[in-house]
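Text of the file model-v4.pdb, holding PDB, C-alpha atoms:
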```pdb
ATOM      1  CA  MET A   1      37.226  32.025   0.932
ATOM      2  CA  THR A   2      34.659  32.661  -1.799
ATOM      3  CA  VAL A   3      36.643  30.552  -4.228
ATOM      4  CA  ALA A   4      36.852  27.752  -1.657
ATOM      5  CA  VAL A   5      33.107  27.869  -1.072
ATOM      6  CA  GLU A   6      32.413  27.844  -4.793
ATOM      7  CA  THR A   7      34.826  24.929  -5.248
ATOM      8  CA  ALA A   8      33.126  22.968  -2.433
ATOM      9  CA  GLY A   9      29.722  23.736  -3.929
ATOM     10  CA  ALA A  10      30.867  22.600  -7.370
ATOM     11  CA  ARG A  11      32.291  19.423  -5.856
ATOM     12  CA  ARG A  12      29.008  18.650  -4.095
ATOM     13  CA  ALA A  13      27.100  19.290  -7.323
ATOM     14  CA  ARG A  14      29.430  16.943  -9.202
ATOM     15  CA  VAL A  15      29.025  14.205  -6.567
ATOM     16  CA  ALA A  16      25.243  14.681  -6.587
ATOM     17  CA  ALA A  17      25.105  14.479 -10.386
ATOM     18  CA  GLY A  18      27.137  11.252 -10.438
ATOM     19  CA  ALA A  19      25.083   9.611  -7.683
ATOM     20  CA  ARG A  20      21.850  10.771  -9.305
ATOM     21  CA  ALA A  21      22.884   9.186 -12.578
ATOM     22  CA  VAL A  22      23.253   5.857 -10.760
ATOM     23  CA  VAL A  23      20.075   6.131  -8.657
ATOM     24  CA  GLU A  24      17.942   7.193 -11.626
ATOM     25  CA  GLY A  25      19.367   4.544 -13.951
ATOM     26  CA  ARG A  26      16.900   2.086 -15.456
ATOM     27  CA  TRP A  27      18.696  -0.842 -13.850
ATOM     28  CA  PHE A  28      18.901   0.542 -10.304
ATOM     29  CA  ASP A  29      15.343  -0.004  -9.001
ATOM     30  CA  PRO A  30      14.983  -3.498 -10.550
ATOM     31  CA  ALA A  31      18.341  -4.455  -9.040
ATOM     32  CA  MET A  32      17.214  -3.268  -5.602
ATOM     33  CA  LEU A  33      13.960  -5.206  -5.986
ATOM     34  CA  VAL A  34      16.003  -8.348  -6.616
ATOM     35  CA  VAL A  35      18.032  -7.670  -3.446
ATOM     36  CA  ILE A  36      14.825  -7.113  -1.444
ATOM     37  CA  ALA A  37      13.444 -10.396  -2.818
ATOM     38  CA  LEU A  38      16.636 -12.192  -1.788
ATOM     39  CA  ASN A  39      16.321 -10.649   1.671
ATOM     40  CA  ALA A  40      12.751 -11.981   1.903
ATOM     41  CA  VAL A  41      13.822 -15.452   0.754
ATOM     42  CA  ALA A  42      16.679 -15.594   3.269
ATOM     43  CA  LEU A  43      14.387 -14.418   6.056
ATOM     44  CA  GLY A  44      11.786 -17.046   5.138
ATOM     45  CA  LEU A  45      14.305 -19.889   4.913
ATOM     46  CA  GLU A  46      15.459 -19.207   8.471
ATOM     47  CA  THR A  47      11.988 -20.180   9.725
ATOM     48  CA  TYR A  48      12.630 -23.797   8.690
ATOM     49  CA  PRO A  49      14.637 -25.506  11.488
ATOM     50  CA  SER A  50      16.203 -28.084   9.153
ATOM     51  CA  ILE A  51      17.366 -25.438   6.665
ATOM     52  CA  ASP A  52      18.584 -23.133   9.432
ATOM     53  CA  ALA A  53      20.584 -25.976  10.964
ATOM     54  CA  ALA A  54      22.147 -26.869   7.601
ATOM     55  CA  VAL A  55      22.929 -23.443   6.109
ATOM     56  CA  GLY A  56      22.074 -21.017   8.910
ATOM     57  CA  ARG A  57      25.574 -19.508   8.929
ATOM     58  CA  GLU A  58      25.476 -18.925   5.175
ATOM     59  CA  LEU A  59      22.042 -17.299   5.451
ATOM     60  CA  ARG A  60      23.275 -14.910   8.124
ATOM     61  CA  SER A  61      26.305 -14.084   6.001
ATOM     62  CA  ALA A  62      23.986 -13.404   3.074
ATOM     63  CA  ASN A  63      21.958 -11.120   5.335
ATOM     64  CA  ASP A  64      25.088  -9.138   6.179
ATOM     65  CA  VAL A  65      25.888  -8.774   2.475
ATOM     66  CA  ILE A  66      22.328  -7.648   1.732
ATOM     67  CA  LEU A  67      22.514  -5.142   4.577
ATOM     68  CA  GLY A  68      25.746  -3.824   3.067
ATOM     69  CA  VAL A  69      23.983  -3.388  -0.291
ATOM     70  CA  PHE A  70      21.186  -1.452   1.413
ATOM     71  CA  VAL A  71      23.723   0.782   3.142
ATOM     72  CA  VAL A  72      25.390   1.526  -0.209
ATOM     73  CA  GLU A  73      21.977   2.253  -1.743
ATOM     74  CA  LEU A  74      21.106   4.639   1.095
ATOM     75  CA  ALA A  75      24.489   6.350   0.746
ATOM     76  CA  LEU A  76      23.911   6.798  -2.998
ATOM     77  CA  ARG A  77      20.454   8.288  -2.408
ATOM     78  CA  MET A  78      21.890  10.689   0.166
ATOM     79  CA  ALA A  79      24.775  11.552  -2.149
ATOM     80  CA  ALA A  80      22.260  12.318  -4.924
ATOM     81  CA  CYS A  81      21.028  15.123  -2.666
ATOM     82  CA  ALA A  82      24.504  16.338  -1.698
ATOM     83  CA  ASP A  83      23.902  19.729  -3.325
ATOM     84  CA  ARG A  84      20.576  20.135  -1.453
ATOM     85  CA  PRO A  85      20.666  17.899   1.695
ATOM     86  CA  ALA A  86      17.279  19.079   2.954
ATOM     87  CA  ALA A  87      15.602  17.588  -0.138
ATOM     88  CA  PHE A  88      16.524  14.085   1.030
ATOM     89  CA  TRP A  89      14.598  14.457   4.294
ATOM     90  CA  ARG A  90      11.546  16.000   2.618
ATOM     91  CA  SER A  91      10.720  12.619   1.102
ATOM     92  CA  GLY A  92       8.876  10.333   3.493
ATOM     93  CA  TRP A  93      10.178   7.288   1.620
ATOM     94  CA  ASN A  94      13.775   8.424   2.164
ATOM     95  CA  VAL A  95      13.114   8.830   5.888
ATOM     96  CA  PHE A  96      11.527   5.374   5.996
ATOM     97  CA  ASP A  97      14.533   3.837   4.197
ATOM     98  CA  PHE A  98      16.946   5.573   6.573
ATOM     99  CA  VAL A  99      15.115   4.318   9.672
ATOM    100  CA  VAL A 100      14.782   0.749   8.353
ATOM    101  CA  VAL A 101      18.421   0.426   7.295
ATOM    102  CA  THR A 102      19.964   2.104  10.342
ATOM    103  CA  ALA A 103      17.734   0.120  12.728
ATOM    104  CA  SER A 104      20.032  -2.894  12.251
ATOM    105  CA  PHE A 105      22.938  -0.888  13.705
ATOM    106  CA  VAL A 106      21.117   0.369  16.800
ATOM    107  CA  PRO A 107      22.725  -0.997  19.998
ATOM    108  CA  GLY A 108      20.697  -3.873  21.342
ATOM    109  CA  VAL A 109      18.929  -4.696  18.079
ATOM    110  CA  ARG A 110      21.644  -6.922  16.593
ATOM    111  CA  GLU A 111      21.910  -8.803  19.902
ATOM    112  CA  ASN A 112      18.150  -9.403  20.042
ATOM    113  CA  ALA A 113      17.102 -12.030  17.493
ATOM    114  CA  THR A 114      13.431 -10.974  17.501
ATOM    115  CA  LEU A 115      14.137  -7.260  16.991
ATOM    116  CA  LEU A 116      16.704  -8.065  14.318
ATOM    117  CA  ARG A 117      14.185 -10.183  12.395
ATOM    118  CA  LEU A 118      11.628  -7.397  12.647
ATOM    119  CA  ALA A 119      14.187  -4.928  11.274
ATOM    120  CA  ARG A 120      14.954  -7.314   8.407
ATOM    121  CA  LEU A 121      11.233  -7.767   7.778
ATOM    122  CA  LEU A 122      10.817  -4.006   7.421
ATOM    123  CA  ARG A 123      13.413  -4.064   4.654
ATOM    124  CA  VAL A 124      11.004  -6.214   2.612
ATOM    125  CA  VAL A 125       8.388  -3.459   2.944
ATOM    126  CA  ARG A 126      10.821  -1.155   1.130
ATOM    127  CA  ALA A 127       9.647  -2.813  -2.096
ATOM    128  CA  VAL A 128       6.654  -0.440  -1.905
ATOM    129  CA  ARG A 129       8.951   2.491  -2.608
ATOM    130  CA  LEU A 130      10.339   0.931  -5.781
ATOM    131  CA  LEU A 131       6.991  -0.016  -7.377
ATOM    132  CA  PRO A 132       5.033   3.094  -8.482
ATOM    133  CA  ASP A 133       1.617   1.398  -8.625
ATOM    134  CA  LEU A 134       2.112  -0.196  -5.218
ATOM    135  CA  ARG A 135       3.261   3.171  -3.877
ATOM    136  CA  VAL A 136       0.044   4.778  -5.136
ATOM    137  CA  LEU A 137      -2.013   2.022  -3.490
ATOM    138  CA  THR A 138      -0.183   2.500  -0.191
ATOM    139  CA  VAL A 139      -0.796   6.251  -0.243
ATOM    140  CA  ALA A 140      -4.434   5.609  -1.172
ATOM    141  CA  VAL A 141      -4.874   3.305   1.825
ATOM    142  CA  ALA A 142      -3.463   5.974   4.128
ATOM    143  CA  ARG A 143      -5.679   8.671   2.570
ATOM    144  CA  SER A 144      -8.781   6.498   2.946
ATOM    145  CA  VAL A 145      -8.350   5.935   6.696
ATOM    146  CA  PRO A 146     -10.398   8.987   7.860
ATOM    147  CA  GLY A 147     -13.263   8.225   5.476
ATOM    148  CA  VAL A 148     -13.237   4.520   6.318
ATOM    149  CA  ALA A 149     -13.197   5.343  10.053
ATOM    150  CA  SER A 150     -16.270   7.559   9.642
ATOM    151  CA  LEU A 151     -17.978   4.857   7.601
ATOM    152  CA  ALA A 152     -17.118   2.285  10.283
ATOM    153  CA  ALA A 153     -18.734   4.514  12.919
ATOM    154  CA  ILE A 154     -21.907   4.822  10.834
ATOM    155  CA  THR A 155     -21.936   1.054  10.260
ATOM    156  CA  LEU A 156     -21.529   0.373  13.995
ATOM    157  CA  LEU A 157     -24.417   2.727  14.779
ATOM    158  CA  LEU A 158     -26.577   1.027  12.154
ATOM    159  CA  VAL A 159     -25.723  -2.439  13.477
ATOM    160  CA  TYR A 160     -26.555  -1.293  17.002
ATOM    161  CA  VAL A 161     -29.938   0.197  16.004
ATOM    162  CA  TYR A 162     -30.963  -2.865  14.002
ATOM    163  CA  GLY A 163     -29.596  -5.128  16.725
ATOM    164  CA  MET A 164     -31.828  -3.441  19.304
ATOM    165  CA  VAL A 165     -34.864  -3.694  17.002
ATOM    166  CA  GLY A 166     -34.027  -7.334  16.289
ATOM    167  CA  TRP A 167     -33.748  -8.077  20.009
ATOM    168  CA  VAL A 168     -37.161  -6.511  20.646
ATOM    169  CA  VAL A 169     -38.799  -8.471  17.809
ATOM    170  CA  PHE A 170     -36.989 -11.832  17.841
ATOM    171  CA  SER A 171     -35.618 -12.316  21.380
ATOM    172  CA  GLU A 172     -38.274 -14.875  22.308
ATOM    173  CA  HIS A 173     -38.761 -16.397  18.860
ATOM    174  CA  ASP A 174     -35.047 -16.753  17.962
ATOM    175  CA  PRO A 175     -33.022 -16.604  21.204
ATOM    176  CA  GLU A 176     -30.066 -18.303  19.541
ATOM    177  CA  ASN A 177     -29.364 -15.197  17.427
ATOM    178  CA  PHE A 178     -31.146 -12.419  19.327
ATOM    179  CA  ALA A 179     -30.856 -13.410  23.002
ATOM    180  CA  ASN A 180     -29.398 -10.007  23.942
ATOM    181  CA  VAL A 181     -28.219  -6.871  22.198
ATOM    182  CA  GLY A 182     -24.632  -8.168  21.931
ATOM    183  CA  GLN A 183     -25.665 -11.390  20.218
ATOM    184  CA  ALA A 184     -28.120  -9.447  18.038
ATOM    185  CA  MET A 185     -25.321  -7.096  16.918
ATOM    186  CA  VAL A 186     -23.138 -10.081  16.041
ATOM    187  CA  THR A 187     -26.023 -11.493  13.985
ATOM    188  CA  MET A 188     -26.527  -8.196  12.156
ATOM    189  CA  PHE A 189     -22.773  -7.908  11.555
ATOM    190  CA  VAL A 190     -22.722 -11.374   9.971
ATOM    191  CA  LEU A 191     -25.690 -10.367   7.825
ATOM    192  CA  LEU A 192     -23.556  -7.598   6.304
ATOM    193  CA  THR A 193     -22.098 -10.368   4.148
ATOM    194  CA  LEU A 194     -25.627 -11.669   3.338
ATOM    195  CA  GLU A 195     -24.594 -15.035   4.766
ATOM    196  CA  ASN A 196     -27.607 -17.272   5.567
ATOM    197  CA  LEU A 197     -30.003 -14.415   4.779
ATOM    198  CA  PRO A 198     -32.717 -16.749   3.366
ATOM    199  CA  ASP A 199     -32.635 -18.775   6.609
ATOM    200  CA  TYR A 200     -33.097 -15.640   8.734
ATOM    201  CA  ILE A 201     -35.948 -14.442   6.504
ATOM    202  CA  ALA A 202     -37.711 -17.828   6.697
ATOM    203  CA  ARG A 203     -37.309 -17.911  10.481
ATOM    204  CA  GLY A 204     -38.700 -14.390  10.741
ATOM    205  CA  GLN A 205     -41.685 -15.175   8.545
ATOM    206  CA  GLU A 206     -42.608 -17.934  10.982
ATOM    207  CA  LEU A 207     -43.320 -15.092  13.390
ATOM    208  CA  SER A 208     -44.828 -12.588  10.924
ATOM    209  CA  ASP A 209     -44.562 -11.680   7.265
ATOM    210  CA  TRP A 210     -43.894  -8.089   8.351
ATOM    211  CA  THR A 211     -40.442  -9.128   9.556
ATOM    212  CA  LEU A 212     -39.492  -9.243   5.884
ATOM    213  CA  LEU A 213     -39.347  -5.432   5.952
ATOM    214  CA  PHE A 214     -36.779  -5.606   8.750
ATOM    215  CA  TYR A 215     -34.350  -7.741   6.743
ATOM    216  CA  ILE A 216     -34.962  -6.050   3.370
ATOM    217  CA  SER A 217     -34.390  -2.551   4.792
ATOM    218  CA  TYR A 218     -31.238  -3.706   6.553
ATOM    219  CA  VAL A 219     -29.843  -5.332   3.412
ATOM    220  CA  MET A 220     -30.640  -2.258   1.308
ATOM    221  CA  VAL A 221     -29.049   0.183   3.750
ATOM    222  CA  ALA A 222     -26.209  -1.820   5.245
ATOM    223  CA  SER A 223     -25.056  -4.203   2.545
ATOM    224  CA  PHE A 224     -25.641  -2.111  -0.577
ATOM    225  CA  LEU A 225     -25.376   1.521   0.552
ATOM    226  CA  ILE A 226     -22.502   1.045   3.007
ATOM    227  CA  PHE A 227     -20.420  -1.031   0.600
ATOM    228  CA  ASN A 228     -21.026   1.425  -2.246
ATOM    229  CA  LEU A 229     -19.926   4.272   0.002
ATOM    230  CA  PHE A 230     -16.813   2.273   0.860
ATOM    231  CA  ILE A 231     -16.015   1.791  -2.823
ATOM    232  CA  GLY A 232     -16.523   5.515  -3.384
ATOM    233  CA  ILE A 233     -14.105   6.371  -0.570
ATOM    234  CA  VAL A 234     -11.466   4.026  -2.005
ATOM    235  CA  ILE A 235     -11.822   5.436  -5.536
ATOM    236  CA  ASN A 236     -11.601   9.011  -4.244
ATOM    237  CA  SER A 237      -8.501   8.093  -2.218
ATOM    238  CA  MET A 238      -6.924   6.561  -5.325
ATOM    239  CA  GLU A 239      -7.446   9.815  -7.226
ATOM    240  CA  GLU A 240      -5.925  11.795  -4.359
ATOM    241  CA  ALA A 241      -2.963   9.391  -4.234
ATOM    242  CA  ARG A 242      -2.350   9.781  -7.969
ATOM    243  CA  GLY A 243      -2.430  13.557  -7.531
ATOM    244  CA  ILE A 244       0.102  13.313  -4.712
ATOM    245  CA  GLU A 245       2.403  11.152  -6.834
ATOM    246  CA  LEU A 246       2.044  13.604  -9.733
ATOM    247  CA  ARG A 247       3.033  16.545  -7.542
ATOM    248  CA  ARG A 248       5.928  14.557  -6.089
ATOM    249  CA  ALA A 249       7.207  13.748  -9.586
ATOM    250  CA  GLU A 250       6.914  17.413 -10.568
ATOM    251  CA  ARG A 251       8.791  18.507  -7.441
ATOM    252  CA  GLU A 252      11.603  16.013  -8.026
ATOM    253  CA  LEU A 253      11.857  17.089 -11.669
ATOM    254  CA  ARG A 254      12.118  20.749 -10.658
ATOM    255  CA  GLU A 255      14.743  19.972  -8.024
ATOM    256  CA  HIS A 256      16.829  17.750 -10.297
ATOM    257  CA  SER A 257      16.621  19.655 -13.572
ATOM    258  CA  GLY A 258      16.011  23.215 -12.454
ATOM    259  CA  HIS A 259      12.926  23.606 -14.678
ATOM    260  CA  ASP A 260      10.117  25.902 -13.608
ATOM    261  CA  GLU A 261       6.834  24.505 -12.252
ATOM    262  CA  GLU A 262       4.909  24.864 -15.527
ATOM    263  CA  HIS A 263       7.552  23.035 -17.554
ATOM    264  CA  ALA A 264       7.833  20.250 -14.950
ATOM    265  CA  HIS A 265       4.043  19.811 -14.976
ATOM    266  CA  ALA A 266       4.066  19.561 -18.782
ATOM    267  CA  VAL A 267       6.868  16.966 -18.745
ATOM    268  CA  VAL A 268       5.116  14.787 -16.158
ATOM    269  CA  LEU A 269       1.802  14.995 -18.022
ATOM    270  CA  GLU A 270       3.547  14.046 -21.260
ATOM    271  CA  GLU A 271       5.031  11.002 -19.557
ATOM    272  CA  ARG A 272       1.619   9.962 -18.223
ATOM    273  CA  LEU A 273       0.021  10.452 -21.644
ATOM    274  CA  ARG A 274       2.737   8.271 -23.175
ATOM    275  CA  ALA A 275       2.003   5.530 -20.648
ATOM    276  CA  LEU A 276      -1.741   5.876 -21.303
ATOM    277  CA  HIS A 277      -1.175   5.643 -25.061
ATOM    278  CA  ALA A 278       0.872   2.482 -24.564
ATOM    279  CA  ALA A 279      -1.899   0.964 -22.419
ATOM    280  CA  VAL A 280      -4.552   1.812 -25.045
ATOM    281  CA  ALA A 281      -2.386   0.336 -27.799
ATOM    282  CA  GLU A 282      -1.969  -2.857 -25.789
ATOM    283  CA  LEU A 283      -5.739  -3.016 -25.218
ATOM    284  CA  GLU A 284      -6.369  -2.574 -28.957
ATOM    285  CA  ARG A 285      -3.972  -5.442 -29.724
ATOM    286  CA  GLU A 286      -5.786  -7.662 -27.242
ATOM    287  CA  VAL A 287      -9.175  -6.768 -28.750
ATOM    288  CA  ARG A 288      -7.925  -7.508 -32.285
ATOM    289  CA  ALA A 289      -6.392 -10.801 -31.152
ATOM    290  CA  ASP A 290      -9.630 -11.755 -29.404
ATOM    291  CA  GLY A 291     -11.629 -10.861 -32.525
ATOM    292  CA  ALA A 292      -9.287 -12.942 -34.675
ATOM    293  CA  ARG A 293      -9.750 -15.953 -32.383
ATOM    294  CA  HIS A 294     -13.540 -15.654 -32.483
ATOM    295  CA  GLY A 295     -13.426 -15.208 -36.279
ATOM    296  CA  GLY A 296     -11.322 -18.333 -36.615
ATOM    297  CA  ARG A 297     -13.848 -20.346 -34.594
ATOM    298  CA  ARG A 298     -16.629 -19.320 -36.944
TER     299      ARG A 298
END
```

Spit out the file's structure as structure tokens when you get a sec.
Amino acid sequence: MTVAVETAGARRARVAAGARAVVEGRWFDPAMLVVIALNAVALGLETYPSIDAAVGRELRSANDVILGVFVVELALRMAACADRPAAFWRSGWNVFDFVVVTASFVPGVRENATLLRLARLLRVVRAVRLLPDLRVLTVAVARSVPGVASLAAITLLLVYVYGMVGWVVFSEHDPENFANVGQAMVTMFVLLTLENLPDYIARGQELSDWTLLFYISYVMVASFLIFNLFIGIVINSMEEARGIELRRAERELREHSGHDEEHAHAVVLEERLRALHAAVAELEREVRADGARHGGRR
């Protein structure tokens, strides 16, 4: 029994190693990106009635082939975790891929054209998983939601307060924009973009020069402070997303290679430093080329 278990374990490890070699190959992710792009093109072409009438059957056949490719890809990713099945489900991207691919086989989905198109559309979103920078941006957007929600609440409160003040001051002088608190809030919301600000200031100065303080204080607080806080939230979320991706890379390296945490951290940092060095070298070449062009003009 022990020998049988050891043999089964060795077989799973061998299958996982072979599948991992394919999944981690340099060609694998670019090839899958090409398939995802073809899926997007086929899905878009079906929206043209003339094209759908001419080659609709071929497009649907191509969709079936693309779905088959995605099934093989999912099977390879699952096989790469054959020696540790739980590791596959610990990755949110793997779970997303599994749901998106298997959705096309759910009873009722293939018979419903709308649901089937939605399932095919979700396959295009899988491109996020294959592009590291886009993956970081996606994680950053998710991480920024709580901060952005709090900032939106503060902005709404500010718009309401200034809308009420604007209604009190300008309701009779400028009823078109401050007839009631709702219209005043819409006006203040539009002013977040500084659109037509000089016109509002000129109209307010017809009433009193002191109204200039109302618009200047609003612009300083709402337009400048709020937008700077928003930028700060996004930058902080980007740093958190990069940290998450770094820890994910370390975890995958430990699981795949068996290295300890310290060694995995060192390997990932070395890889990032190599990428940073390449970026700096590219920037230096661009600076030298730009200097050579300016020198030639002189």

(message) Quick check on the file I pasted: which residues fall under the PyMOL selection byres ((chain A and resi 43) around 9)? Write them as a PyMOL selection string.
(response) chain A and resi 38-42+44-47+59+63+117+120-121

(message) Would you compute the distance between CA of Ala13 in chain A and CA of Ala82 in chain A? Give it in Å to one decimal.
(response)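 Distance reported for this atom pair: 6.9 Å.
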
(request) Please write the residues picked by the PyMOL selection byres ((chain A and resi 165) around 12) on this file as a PyMOL selection string. (result) chain A and resi 158-164+166-171+178+180-181+184-185+188+211+214-215+218

Output file for the selection above: C-alpha atoms, as a tab-separated table (two decimals), keeping the file's coordinate frame:
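Contents of the output file out-v5.tsv:
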```
chain	number	residue	atom	x	y	z
A	158	LEU	CA	-26.58	1.03	12.15
A	159	VAL	CA	-25.72	-2.44	13.48
A	160	TYR	CA	-26.56	-1.29	17.00
A	161	VAL	CA	-29.94	0.20	16.00
A	162	TYR	CA	-30.96	-2.86	14.00
A	163	GLY	CA	-29.60	-5.13	16.73
A	164	MET	CA	-31.83	-3.44	19.30
A	166	GLY	CA	-34.03	-7.33	16.29
A	167	TRP	CA	-33.75	-8.08	20.01
A	168	VAL	CA	-37.16	-6.51	20.65
A	169	VAL	CA	-38.80	-8.47	17.81
A	170	PHE	CA	-36.99	-11.83	17.84
A	171	SER	CA	-35.62	-12.32	21.38
A	178	PHE	CA	-31.15	-12.42	19.33
A	180	ASN	CA	-29.40	-10.01	23.94
A	181	VAL	CA	-28.22	-6.87	22.20
A	184	ALA	CA	-28.12	-9.45	18.04
A	185	MET	CA	-25.32	-7.10	16.92
A	188	MET	CA	-26.53	-8.20	12.16
A	211	THR	CA	-40.44	-9.13	9.56
A	214	PHE	CA	-36.78	-5.61	8.75
A	215	TYR	CA	-34.35	-7.74	6.74
A	218	TYR	CA	-31.24	-3.71	6.55
```

Using the chain letters and residue numbers of this document, give as a PDB file with C-alpha atoms, in the coordinates of the input the residues selected by the PyMOL selection byres ((chain A and resi 143) around 12).
```pdb
ATOM      1  CA  VAL A 136       0.044   4.778  -5.136  1.00  0.00           C
ATOM      2  CA  LEU A 137      -2.013   2.022  -3.490  1.00  0.00           C
ATOM      3  CA  THR A 138      -0.183   2.500  -0.191  1.00  0.00           C
ATOM      4  CA  VAL A 139      -0.796   6.251  -0.243  1.00  0.00           C
ATOM      5  CA  ALA A 140      -4.434   5.609  -1.172  1.00  0.00           C
ATOM      6  CA  VAL A 141      -4.874   3.305   1.825  1.00  0.00           C
ATOM      7  CA  ALA A 142      -3.463   5.974   4.128  1.00  0.00           C
ATOM      8  CA  SER A 144      -8.781   6.498   2.946  1.00  0.00           C
ATOM      9  CA  VAL A 145      -8.350   5.935   6.696  1.00  0.00           C
ATOM     10  CA  PRO A 146     -10.398   8.987   7.860  1.00  0.00           C
ATOM     11  CA  GLY A 147     -13.263   8.225   5.476  1.00  0.00           C
ATOM     12  CA  VAL A 148     -13.237   4.520   6.318  1.00  0.00           C
ATOM     13  CA  ALA A 149     -13.197   5.343  10.053  1.00  0.00           C
ATOM     14  CA  ILE A 233     -14.105   6.371  -0.570  1.00  0.00           C
ATOM     15  CA  VAL A 234     -11.466   4.026  -2.005  1.00  0.00           C
ATOM     16  CA  ILE A 235     -11.822   5.436  -5.536  1.00  0.00           C
ATOM     17  CA  ASN A 236     -11.601   9.011  -4.244  1.00  0.00           C
ATOM     18  CA  SER A 237      -8.501   8.093  -2.218  1.00  0.00           C
ATOM     19  CA  MET A 238      -6.924   6.561  -5.325  1.00  0.00           C
ATOM     20  CA  GLU A 239      -7.446   9.815  -7.226  1.00  0.00           C
ATOM     21  CA  GLU A 240      -5.925  11.795  -4.359  1.00  0.00           C
ATOM     22  CA  ALA A 241      -2.963   9.391  -4.234  1.00  0.00           C
ATOM     23  CA  ARG A 242      -2.350   9.781  -7.969  1.00  0.00           C
ATOM     24  CA  GLY A 243      -2.430  13.557  -7.531  1.00  0.00           C
ATOM     25  CA  ILE A 244       0.102  13.313  -4.712  1.00  0.00           C
TER      26      ILE A 244
END
```

Enclose range 223-230 of chain A, meaning all of its atoms listed in the file, in a box aligned along x, y and z, pad it by 4 Å on each side, and list the centre and edge lengths in Å to one decimal, as JSON.
```
{"center_x": -21.2, "center_y": 0.0, "center_z": 0.4, "size_x": 16.8, "size_y": 16.5, "size_z": 13.3}
```

(message) What's the separation between CA of Gly68 in chain A and CA of Ala31 in chain A, in Å to one decimal place?
(response)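 A separation of 14.2 Å between them.
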